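For reference, model.cif (mmCIF, C-alpha atoms):
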```cif
data_model
#
loop_
_atom_site.label_atom_id
_atom_site.label_comp_id
_atom_site.auth_asym_id
_atom_site.auth_seq_id
_atom_site.Cartn_x
_atom_site.Cartn_y
_atom_site.Cartn_z
CA MET Z 1 112.61 -46.57 72.78
CA GLY Z 2 113.41 -45.90 76.41
CA VAL Z 3 114.16 -42.97 78.68
CA GLU Z 4 117.24 -42.77 80.85
CA GLY Z 5 118.65 -40.69 83.69
CA CYS Z 6 116.52 -37.88 85.12
CA THR Z 7 113.74 -38.52 82.61
CA LYS Z 8 113.40 -42.08 83.91
CA CYS Z 9 113.09 -40.67 87.43
CA ILE Z 10 110.35 -38.31 86.16
CA LYS Z 11 108.59 -41.30 84.60
CA TYR Z 12 108.28 -43.08 87.94
CA LEU Z 13 107.39 -39.87 89.76
CA LEU Z 14 104.58 -39.32 87.26
CA PHE Z 15 103.40 -42.90 87.78
CA PHE Z 16 103.46 -42.37 91.56
CA PHE Z 17 101.48 -39.10 91.39
CA ASN Z 18 99.02 -40.68 88.95
CA PHE Z 19 98.50 -43.56 91.34
CA ILE Z 20 97.83 -41.05 94.15
CA PHE Z 21 95.50 -39.18 91.78
CA TRP Z 22 93.65 -42.42 90.99
CA LEU Z 23 93.32 -43.23 94.70
CA THR Z 24 92.12 -39.69 95.41
CA GLY Z 25 89.46 -40.08 92.73
CA GLY Z 26 88.32 -43.26 94.43
CA VAL Z 27 88.20 -41.51 97.82
CA ILE Z 28 86.21 -38.57 96.38
CA LEU Z 29 83.80 -40.99 94.71
CA GLY Z 30 83.38 -42.90 97.98
CA VAL Z 31 82.87 -39.73 100.06
CA ALA Z 32 80.38 -38.36 97.52
CA LEU Z 33 78.37 -41.60 97.61
CA TRP Z 34 78.47 -41.48 101.43
CA LEU Z 35 77.18 -37.89 101.41
CA ARG Z 36 74.49 -38.87 98.90
CA HIS Z 37 73.23 -41.69 101.13
CA ASP Z 38 73.94 -40.19 104.58
CA PRO Z 39 70.82 -41.03 106.64
CA LYS Z 40 70.45 -37.59 108.23
CA ILE Z 41 70.92 -35.68 104.97
CA SER Z 42 68.65 -38.06 103.04
CA THR Z 43 65.93 -37.64 105.64
CA LEU Z 44 66.08 -33.83 105.67
CA LEU Z 45 66.39 -33.33 101.91
CA GLY Z 46 63.47 -35.69 101.30
CA LEU Z 47 61.05 -33.61 103.39
CA GLU Z 48 58.04 -31.90 101.83
CA TYR Z 49 54.97 -30.04 103.03
CA ASP Z 50 52.21 -28.18 101.18
CA GLY Z 51 54.08 -28.53 97.88
CA ASN Z 52 57.31 -27.08 99.33
CA HIS Z 53 60.36 -29.29 98.82
CA ALA Z 54 63.63 -29.21 100.71
CA PRO Z 55 66.38 -27.43 98.68
CA SER Z 56 68.37 -29.67 96.33
CA THR Z 57 71.52 -27.52 95.96
CA PHE Z 58 73.52 -29.86 98.18
CA TYR Z 59 72.59 -32.92 96.12
CA ILE Z 60 73.57 -31.11 92.90
CA SER Z 61 77.04 -30.54 94.37
CA VAL Z 62 77.26 -34.19 95.48
CA HIS Z 63 76.29 -35.47 92.02
CA ILE Z 64 79.02 -33.29 90.50
CA LEU Z 65 81.50 -34.82 92.98
CA ILE Z 66 80.45 -38.33 91.96
CA ALA Z 67 81.12 -37.49 88.31
CA VAL Z 68 84.47 -35.86 89.17
CA GLY Z 69 85.61 -38.86 91.21
CA ALA Z 70 84.74 -41.29 88.39
CA VAL Z 71 86.52 -39.14 85.76
CA MET Z 72 89.59 -38.81 88.01
CA MET Z 73 89.87 -42.58 88.30
CA VAL Z 74 89.72 -42.98 84.51
CA VAL Z 75 92.23 -40.15 83.90
CA GLY Z 76 94.53 -41.47 86.64
CA PHE Z 77 94.58 -44.91 85.04
CA LEU Z 78 95.28 -43.31 81.65
CA GLY Z 79 98.22 -41.40 83.14
CA CYS Z 80 99.68 -44.48 84.86
CA TYR Z 81 99.46 -46.55 81.69
CA GLY Z 82 100.87 -43.75 79.54
CA ALA Z 83 103.82 -43.25 81.88
CA ILE Z 84 104.73 -46.95 81.99
CA GLN Z 85 104.34 -47.38 78.23
CA GLU Z 86 106.16 -44.07 77.56
CA SER Z 87 103.46 -43.20 75.04
CA GLN Z 88 103.43 -39.60 73.84
CA CYS Z 89 99.87 -40.02 72.54
CA LEU Z 90 98.53 -41.25 75.89
CA LEU Z 91 100.52 -38.66 77.85
CA GLY Z 92 99.32 -35.88 75.55
CA THR Z 93 95.70 -37.02 76.01
CA PHE Z 94 96.31 -37.26 79.75
CA PHE Z 95 97.73 -33.71 79.83
CA ALA Z 96 94.72 -32.35 77.89
CA CYS Z 97 92.32 -34.08 80.30
CA LEU Z 98 94.20 -32.63 83.26
CA VAL Z 99 93.99 -29.10 81.86
CA ILE Z 100 90.23 -29.46 81.34
CA LEU Z 101 89.74 -30.94 84.81
CA PHE Z 102 91.87 -28.25 86.41
CA ALA Z 103 89.92 -25.47 84.66
CA CYS Z 104 86.62 -27.05 85.76
CA GLU Z 105 87.89 -27.41 89.33
CA VAL Z 106 88.99 -23.76 89.49
CA ALA Z 107 85.59 -22.65 88.15
CA ALA Z 108 83.76 -24.94 90.59
CA GLY Z 109 85.98 -23.71 93.45
CA ILE Z 110 85.18 -20.07 92.71
CA TRP Z 111 81.46 -20.82 92.47
CA GLY Z 112 81.57 -22.92 95.65
CA TYR Z 113 83.38 -20.19 97.59
CA MET Z 114 80.89 -17.54 96.47
CA ASN Z 115 77.94 -19.78 97.39
CA ARG Z 116 79.47 -21.55 100.40
CA ASP Z 117 76.61 -20.49 102.71
CA THR Z 118 73.80 -21.13 100.20
CA VAL Z 119 73.05 -24.71 101.28
CA THR Z 120 72.83 -23.93 105.00
CA GLU Z 121 70.79 -20.76 104.42
CA GLU Z 122 68.33 -22.60 102.16
CA MET Z 123 67.86 -25.33 104.75
CA LYS Z 124 67.40 -22.76 107.53
CA ASN Z 125 64.78 -20.92 105.47
CA PHE Z 126 62.98 -24.19 104.72
CA TYR Z 127 62.99 -25.05 108.42
CA ASP Z 128 61.85 -21.53 109.44
CA ASN Z 129 58.95 -21.60 106.98
CA ALA Z 130 57.85 -25.01 108.25
CA TYR Z 131 58.19 -23.82 111.87
CA ASP Z 132 56.15 -20.65 111.25
CA ARG Z 133 53.48 -22.58 109.36
CA ALA Z 134 53.17 -25.21 112.10
CA MET Z 135 53.07 -22.66 114.90
CA GLN Z 136 50.66 -20.18 113.25
CA THR Z 137 47.63 -21.75 114.89
CA THR Z 138 48.72 -24.41 117.32
CA ALA Z 139 45.14 -25.32 118.11
CA ASN Z 140 44.24 -25.72 114.42
CA THR Z 141 44.31 -29.26 113.05
CA GLN Z 142 44.09 -28.44 109.34
CA GLU Z 143 46.09 -30.64 106.96
CA LYS Z 144 48.59 -27.90 106.08
CA ASN Z 145 49.58 -27.35 109.68
CA ASN Z 146 49.71 -31.09 110.28
CA ALA Z 147 52.06 -31.54 107.31
CA ALA Z 148 54.33 -28.74 108.54
CA SER Z 149 54.36 -30.27 112.03
CA VAL Z 150 55.45 -33.60 110.58
CA VAL Z 151 58.34 -31.84 108.80
CA LEU Z 152 59.34 -30.06 112.01
CA LYS Z 153 59.23 -33.28 113.99
CA ALA Z 154 61.46 -34.97 111.39
CA PHE Z 155 63.97 -32.10 111.69
CA HIS Z 156 63.93 -32.26 115.49
CA GLU Z 157 64.27 -36.04 115.76
CA THR Z 158 66.96 -36.28 113.05
CA LEU Z 159 69.14 -33.47 114.41
CA SER Z 160 68.17 -33.73 118.12
CA CYS Z 161 67.27 -30.03 118.16
CA CYS Z 162 64.31 -27.75 118.80
CA GLY Z 163 63.36 -24.26 117.62
CA LYS Z 164 64.98 -21.56 115.47
CA GLY Z 165 66.87 -20.00 118.36
CA THR Z 166 67.03 -19.90 122.13
CA GLY Z 167 63.67 -18.12 122.46
CA THR Z 168 61.73 -20.43 120.15
CA ASN Z 169 63.50 -23.42 121.69
CA ILE Z 170 62.13 -22.58 125.14
CA GLY Z 171 58.74 -21.52 123.76
CA THR Z 172 58.21 -24.74 121.85
CA LYS Z 173 59.18 -26.81 124.88
CA ILE Z 174 56.59 -24.92 126.93
CA THR Z 175 53.83 -25.57 124.38
CA ASP Z 176 54.89 -29.22 124.25
CA GLY Z 177 54.72 -29.41 128.04
CA LEU Z 178 51.23 -27.91 128.03
CA GLY Z 179 50.14 -30.47 125.44
CA VAL Z 180 49.39 -27.84 122.79
CA THR Z 181 52.08 -29.18 120.47
CA ASN Z 182 54.19 -32.32 120.29
CA ILE Z 183 57.18 -31.64 118.03
CA CYS Z 184 60.31 -31.41 120.21
CA PRO Z 185 62.20 -34.54 121.32
CA SER Z 186 62.95 -34.86 125.01
CA GLY Z 187 66.43 -33.73 126.01
CA ALA Z 188 66.96 -31.51 122.93
CA SER Z 189 68.75 -28.38 124.18
CA THR Z 190 70.29 -27.08 120.93
CA ASN Z 191 68.45 -24.95 118.39
CA CYS Z 192 68.09 -26.31 114.85
CA HIS Z 193 69.96 -23.46 113.15
CA GLN Z 194 73.11 -24.53 114.95
CA ARG Z 195 72.57 -28.20 114.08
CA ILE Z 196 72.01 -27.37 110.39
CA ASN Z 197 75.28 -25.40 110.39
CA GLU Z 198 77.11 -28.36 111.89
CA LEU Z 199 75.61 -30.83 109.42
CA PHE Z 200 76.16 -28.96 106.14
CA HIS Z 201 78.73 -26.21 106.69
CA ASP Z 202 81.45 -28.52 108.02
CA LYS Z 203 80.96 -31.00 105.17
CA ILE Z 204 81.28 -28.22 102.58
CA TYR Z 205 84.63 -27.15 104.04
CA LEU Z 206 85.77 -30.79 103.96
CA ILE Z 207 84.96 -30.89 100.23
CA GLY Z 208 86.92 -27.65 99.73
CA ILE Z 209 90.04 -29.07 101.41
CA ALA Z 210 89.84 -32.20 99.24
CA ALA Z 211 89.56 -30.05 96.10
CA LEU Z 212 92.65 -28.06 97.11
CA VAL Z 213 94.70 -31.25 97.61
CA VAL Z 214 93.58 -32.56 94.22
CA ALA Z 215 94.52 -29.25 92.53
CA VAL Z 216 98.07 -29.43 93.93
CA ILE Z 217 98.48 -33.03 92.71
CA MET Z 218 97.19 -32.03 89.25
CA ILE Z 219 99.75 -29.21 88.96
CA PHE Z 220 102.61 -31.63 89.65
CA GLU Z 221 101.17 -34.14 87.19
CA MET Z 222 100.93 -31.56 84.41
CA ILE Z 223 104.56 -30.56 84.94
CA PHE Z 224 105.82 -34.15 85.04
CA SER Z 225 103.78 -35.22 81.99
CA MET Z 226 105.21 -32.34 79.92
CA VAL Z 227 108.78 -33.14 81.00
CA LEU Z 228 108.30 -36.85 80.27
CA CYS Z 229 106.81 -36.13 76.84
CA CYS Z 230 109.83 -33.97 75.98
CA GLY Z 231 112.18 -36.69 77.29
CA ILE Z 232 110.49 -39.40 75.21
CA ARG Z 233 110.66 -37.22 72.08
CA ASN Z 234 114.39 -36.63 72.55
CA SER Z 235 115.25 -40.22 73.49
CA PRO Z 236 117.33 -42.20 70.99
CA VAL Z 237 115.64 -45.04 69.09
CA TYR Z 238 117.41 -48.39 69.30
#
```
Would you write out, as structure tokens, the structure that this file holds?
Amino acid sequence: MGVEGCTKCIKYLLFFFNFIFWLTGGVILGVALWLRHDPKISTLLGLEYDGNHAPSTFYISVHILIAVGAVMMVVGFLGCYGAIQESQCLLGTFFACLVILFACEVAAGIWGYMNRDTVTEEMKNFYDNAYDRAMQTTANTQEKNNAASVVLKAFHETLSCCGKGTGTNIGTKITDGLGVTNICPSGASTNCHQRINELFHDKIYLIGIAALVVAVIMIFEMIFSMVLCCGIRNSPVY
């Protein structure tokens, strides 16, 4: 059994898009692993003081991306093999997997858009609580305040920032200069809220753009797989 004419063209187009889909899955998997092991993110999300842990919402999203990238590579290989072998069974399975993946991606996209600021806000709140705890009694050397100061110093050194805003930035530098505190790195002129935005917010939008590209590729693949299945069914048997 073999396809001819336009259907044969569709066959190779489907193979091409599946190969791109497989490569995209590999890229997503690689980016997700990079985000999971990024030194700055790993440092900040591993912080803890007085039983308070850094928010894990970002890591949950990254772990989902790792799973999606791995599944995309498997489904992409299935589609490539099904297209070359002209197998209705494999192409039907491939189409069903694409529909499920597409539905999951749409649901994840809606959830991600509605909660796009959650990660940055959670990290800002965690930083603000640590800042307030450390600065409550600057002359006090109790363990709780020491732990919060360690968290603050990790934030400041990792992101090269100081303070919640312009006012606290200047205030903390003054107390550091007087020797009351020692939590701001020298030369840090940017507040930490801005640095947190730059670190997390931009990466979330990068993930959104990648998801949009993948969705477009999946739509083309679903169309081509249906057309090829119909072409194979109607092809003459020699």
Evaluate the PyMOL selection byres ((chain Z and resi 162) around 6) on the structure here and hand back the selected residues as a PDB file with C-alpha atoms, keeping the file's coordinate frame.
```
ATOM      1  CA  HIS Z 156      63.930 -32.260 115.490  1.00  0.00           C
ATOM      2  CA  CYS Z 161      67.270 -30.030 118.160  1.00  0.00           C
ATOM      3  CA  GLY Z 163      63.360 -24.260 117.620  1.00  0.00           C
ATOM      4  CA  ASN Z 169      63.500 -23.420 121.690  1.00  0.00           C
ATOM      5  CA  CYS Z 184      60.310 -31.410 120.210  1.00  0.00           C
ATOM      6  CA  ASN Z 191      68.450 -24.950 118.390  1.00  0.00           C
ATOM      7  CA  CYS Z 192      68.090 -26.310 114.850  1.00  0.00           C
TER       8      CYS Z 192
END
```
With distances taken over all atoms listed in the file, which residue among Z:Lys40, Z:Ala32, Z:Leu14, Z:Glu221 lies nearest Val62 in chain Z?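 Looking only at the distances to Val62 in chain Z, the closest residue turns out to be Z:Ala32.
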Within 9 Å of (87.5, -41.4, 91.1) in the file's own coordinates, which protein, DNA or RNA residues have an atom, counting only C-alpha atoms? List them as a tab-separated table (two decimals) with C-alpha atoms, in the frame of the given file.
```
chain	number	residue	atom	x	y	z
Z	21	PHE	CA	95.50	-39.18	91.78
Z	22	TRP	CA	93.65	-42.42	90.99
Z	23	LEU	CA	93.32	-43.23	94.70
Z	24	THR	CA	92.12	-39.69	95.41
Z	25	GLY	CA	89.46	-40.08	92.73
Z	26	GLY	CA	88.32	-43.26	94.43
Z	27	VAL	CA	88.20	-41.51	97.82
Z	28	ILE	CA	86.21	-38.57	96.38
Z	29	LEU	CA	83.80	-40.99	94.71
Z	30	GLY	CA	83.38	-42.90	97.98
Z	66	ILE	CA	80.45	-38.33	91.96
Z	67	ALA	CA	81.12	-37.49	88.31
Z	68	VAL	CA	84.47	-35.86	89.17
Z	69	GLY	CA	85.61	-38.86	91.21
Z	70	ALA	CA	84.74	-41.29	88.39
Z	71	VAL	CA	86.52	-39.14	85.76
Z	72	MET	CA	89.59	-38.81	88.01
Z	73	MET	CA	89.87	-42.58	88.30
Z	74	VAL	CA	89.72	-42.98	84.51
Z	75	VAL	CA	92.23	-40.15	83.90
Z	76	GLY	CA	94.53	-41.47	86.64
```
Applying 12 Å and all atoms listed in the file, which residues near Tyr81 in chain Z remain after dropping the ones on its own chain fewer than 2 positions away? List them as an MDAnalysis selection string. chainID Z and resid 11:12 14:16 18:19 22 74:79 83:91 93:94
Any idea what the distance is between CA of Ile207 in chain Z and CA of Gly46 in chain Z?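 Rounded to one decimal, the two atoms are 22.0 Å apart.
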Identify all residues satisfying the PyMOL selection byres ((chain Z and resi 60) around 12) in the given file; provide them as a list in words.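 Listing what the PyMOL selection byres ((chain Z and resi 60) around 12) selects in the shown file: Ala32, Leu35, Arg36, Leu45, Pro55, Ser56, Thr57, Phe58, Tyr59, Ser61, Val62, His63, Ile64, Leu65, Ile66, Ala67, Gly112 and Val119 of chain Z.
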Run the PyMOL selection byres ((chain Z and resi 199) around 12) mentally over the shown coordinates, then write out the matched residues as a PDB file with C-alpha atoms, in the coordinates of the input, using the chain letters and numbers from the document.
```pdb
ATOM      1  CA  LEU Z  35      77.180 -37.890 101.410  1.00  0.00           C
ATOM      2  CA  ASP Z  38      73.940 -40.190 104.580  1.00  0.00           C
ATOM      3  CA  PRO Z  39      70.820 -41.030 106.640  1.00  0.00           C
ATOM      4  CA  LYS Z  40      70.450 -37.590 108.230  1.00  0.00           C
ATOM      5  CA  ILE Z  41      70.920 -35.680 104.970  1.00  0.00           C
ATOM      6  CA  SER Z  42      68.650 -38.060 103.040  1.00  0.00           C
ATOM      7  CA  LEU Z  44      66.080 -33.830 105.670  1.00  0.00           C
ATOM      8  CA  PHE Z  58      73.520 -29.860  98.180  1.00  0.00           C
ATOM      9  CA  VAL Z 119      73.050 -24.710 101.280  1.00  0.00           C
ATOM     10  CA  THR Z 120      72.830 -23.930 105.000  1.00  0.00           C
ATOM     11  CA  MET Z 123      67.860 -25.330 104.750  1.00  0.00           C
ATOM     12  CA  LYS Z 124      67.400 -22.760 107.530  1.00  0.00           C
ATOM     13  CA  PHE Z 155      63.970 -32.100 111.690  1.00  0.00           C
ATOM     14  CA  THR Z 158      66.960 -36.280 113.050  1.00  0.00           C
ATOM     15  CA  LEU Z 159      69.140 -33.470 114.410  1.00  0.00           C
ATOM     16  CA  SER Z 160      68.170 -33.730 118.120  1.00  0.00           C
ATOM     17  CA  CYS Z 192      68.090 -26.310 114.850  1.00  0.00           C
ATOM     18  CA  HIS Z 193      69.960 -23.460 113.150  1.00  0.00           C
ATOM     19  CA  GLN Z 194      73.110 -24.530 114.950  1.00  0.00           C
ATOM     20  CA  ARG Z 195      72.570 -28.200 114.080  1.00  0.00           C
ATOM     21  CA  ILE Z 196      72.010 -27.370 110.390  1.00  0.00           C
ATOM     22  CA  ASN Z 197      75.280 -25.400 110.390  1.00  0.00           C
ATOM     23  CA  GLU Z 198      77.110 -28.360 111.890  1.00  0.00           C
ATOM     24  CA  PHE Z 200      76.160 -28.960 106.140  1.00  0.00           C
ATOM     25  CA  HIS Z 201      78.730 -26.210 106.690  1.00  0.00           C
ATOM     26  CA  ASP Z 202      81.450 -28.520 108.020  1.00  0.00           C
ATOM     27  CA  LYS Z 203      80.960 -31.000 105.170  1.00  0.00           C
ATOM     28  CA  ILE Z 204      81.280 -28.220 102.580  1.00  0.00           C
ATOM     29  CA  TYR Z 205      84.630 -27.150 104.040  1.00  0.00           C
ATOM     30  CA  LEU Z 206      85.770 -30.790 103.960  1.00  0.00           C
TER      31      LEU Z 206
END
```
CA of Leu228 in chain Z to CA of Phe95 in chain Z: how many Å, to one decimal?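 A separation of 11.0 Å between them.
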In Å, rounded to a single decimal, give me how far CA of Tyr127 in chain Z is from CA of Val150 in chain Z.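 Going from CA of Val150 in chain Z over to CA of Tyr127 in chain Z, I get 11.6 Å.
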Leaving out Tyr131 in chain Z and any residue of its chain fewer than 4 positions from it, which residues lie within 9 Å of it when counting all atoms listed in the file, given as an MDAnalysis selection string? chainID Z and resid 126:127 135:136 148:149 151:152 163:164
So, with all atoms listed in the file as the atoms that count, which of Z:Leu212, Z:Phe224, Z:Cys230, Z:Asn52 lies closest to Cys9 in chain Z?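 Of all the options, Z:Phe224 lies closest to Cys9 in chain Z.
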Find the residue from Z:Asp132, Z:Asp117, Z:Met218, Z:Ala54 that sits nearest to Glu105 in chain Z; use all atoms listed in the file when measuring.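 With all atoms listed in the file as the atom set, the closest residue is Z:Met218.
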So, with all atoms listed in the file as the atoms that count, which of Z:Leu47, Z:Val227, Z:Cys97, Z:Ile217 lies closest to Cys6 in chain Z?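 Checking each candidate against Cys6 in chain Z, we get Z:Val227 as the closest.
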Please, can range 183-202 of chain Z be completed to N, CA, C and O atoms and returned as an mmCIF file, in the coordinates of the input?
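Wrote it out as selection_37.cif, contents follow:
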```cif
data_model
loop_
_atom_site.group_PDB
_atom_site.id
_atom_site.type_symbol
_atom_site.label_atom_id
_atom_site.label_comp_id
_atom_site.auth_asym_id
_atom_site.auth_seq_id
_atom_site.Cartn_x
_atom_site.Cartn_y
_atom_site.Cartn_z
ATOM 1 N N ILE Z 183 56.221 -31.600 119.140
ATOM 2 C CA ILE Z 183 57.180 -31.640 118.030
ATOM 3 C C ILE Z 183 58.637 -31.655 118.480
ATOM 4 O O ILE Z 183 59.525 -31.880 117.656
ATOM 5 N N CYS Z 184 58.925 -31.427 119.753
ATOM 6 C CA CYS Z 184 60.310 -31.410 120.210
ATOM 7 C C CYS Z 184 60.654 -32.708 120.943
ATOM 8 O O CYS Z 184 59.912 -33.137 121.824
ATOM 9 N N PRO Z 185 61.802 -33.327 120.597
ATOM 10 C CA PRO Z 185 62.200 -34.540 121.320
ATOM 11 C C PRO Z 185 62.671 -34.195 122.728
ATOM 12 O O PRO Z 185 63.175 -33.094 122.973
ATOM 13 N N SER Z 186 62.512 -35.113 123.637
ATOM 14 C CA SER Z 186 62.950 -34.860 125.010
ATOM 15 C C SER Z 186 64.475 -34.797 125.064
ATOM 16 O O SER Z 186 65.173 -35.562 124.404
ATOM 17 N N GLY Z 187 64.984 -33.864 125.842
ATOM 18 C CA GLY Z 187 66.430 -33.730 126.010
ATOM 19 C C GLY Z 187 67.109 -32.879 124.953
ATOM 20 O O GLY Z 187 68.323 -32.687 124.998
ATOM 21 N N ALA Z 188 66.360 -32.352 123.976
ATOM 22 C CA ALA Z 188 66.960 -31.510 122.930
ATOM 23 C C ALA Z 188 67.172 -30.109 123.474
ATOM 24 O O ALA Z 188 66.220 -29.400 123.785
ATOM 25 N N SER Z 189 68.432 -29.687 123.613
ATOM 26 C CA SER Z 189 68.750 -28.380 124.180
ATOM 27 C C SER Z 189 69.351 -27.416 123.166
ATOM 28 O O SER Z 189 69.556 -26.244 123.462
ATOM 29 N N THR Z 190 69.649 -27.904 121.956
ATOM 30 C CA THR Z 190 70.290 -27.080 120.930
ATOM 31 C C THR Z 190 69.273 -26.653 119.895
ATOM 32 O O THR Z 190 68.390 -27.432 119.522
ATOM 33 N N ASN Z 191 69.384 -25.403 119.427
ATOM 34 C CA ASN Z 191 68.450 -24.950 118.390
ATOM 35 C C ASN Z 191 68.843 -25.532 117.032
ATOM 36 O O ASN Z 191 69.999 -25.895 116.793
ATOM 37 N N CYS Z 192 67.887 -25.606 116.122
ATOM 38 C CA CYS Z 192 68.090 -26.310 114.850
ATOM 39 C C CYS Z 192 68.990 -25.541 113.892
ATOM 40 O O CYS Z 192 69.616 -26.160 113.026
ATOM 41 N N HIS Z 193 69.050 -24.219 113.999
ATOM 42 C CA HIS Z 193 69.960 -23.460 113.150
ATOM 43 C C HIS Z 193 71.411 -23.901 113.383
ATOM 44 O O HIS Z 193 72.194 -24.054 112.439
ATOM 45 N N GLN Z 194 71.756 -24.094 114.622
ATOM 46 C CA GLN Z 194 73.110 -24.530 114.950
ATOM 47 C C GLN Z 194 73.382 -25.937 114.424
ATOM 48 O O GLN Z 194 74.459 -26.210 113.885
ATOM 49 N N ARG Z 195 72.400 -26.824 114.558
ATOM 50 C CA ARG Z 195 72.570 -28.200 114.080
ATOM 51 C C ARG Z 195 72.686 -28.240 112.545
ATOM 52 O O ARG Z 195 73.462 -29.037 112.001
ATOM 53 N N ILE Z 196 71.934 -27.416 111.857
ATOM 54 C CA ILE Z 196 72.010 -27.370 110.390
ATOM 55 C C ILE Z 196 73.397 -26.883 109.963
ATOM 56 O O ILE Z 196 73.988 -27.401 109.008
ATOM 57 N N ASN Z 197 73.920 -25.879 110.668
ATOM 58 C CA ASN Z 197 75.280 -25.400 110.390
ATOM 59 C C ASN Z 197 76.294 -26.529 110.534
ATOM 60 O O ASN Z 197 77.169 -26.713 109.690
ATOM 61 N N GLU Z 198 76.167 -27.277 111.626
ATOM 62 C CA GLU Z 198 77.110 -28.360 111.890
ATOM 63 C C GLU Z 198 77.022 -29.446 110.831
ATOM 64 O O GLU Z 198 78.044 -30.014 110.421
ATOM 65 N N LEU Z 199 75.819 -29.735 110.368
ATOM 66 C CA LEU Z 199 75.610 -30.830 109.420
ATOM 67 C C LEU Z 199 76.141 -30.504 108.031
ATOM 68 O O LEU Z 199 76.834 -31.314 107.412
ATOM 69 N N PHE Z 200 75.835 -29.300 107.531
ATOM 70 C CA PHE Z 200 76.160 -28.960 106.140
ATOM 71 C C PHE Z 200 77.437 -28.143 106.002
ATOM 72 O O PHE Z 200 78.259 -28.412 105.135
ATOM 73 N N HIS Z 201 77.608 -27.140 106.844
ATOM 74 C CA HIS Z 201 78.730 -26.210 106.690
ATOM 75 C C HIS Z 201 80.059 -26.934 106.816
ATOM 76 O O HIS Z 201 80.981 -26.714 106.011
ATOM 77 N N ASP Z 202 80.195 -27.800 107.811
ATOM 78 C CA ASP Z 202 81.450 -28.520 108.020
ATOM 79 C C ASP Z 202 81.767 -29.453 106.855
ATOM 80 O O ASP Z 202 82.925 -29.589 106.449
#
```
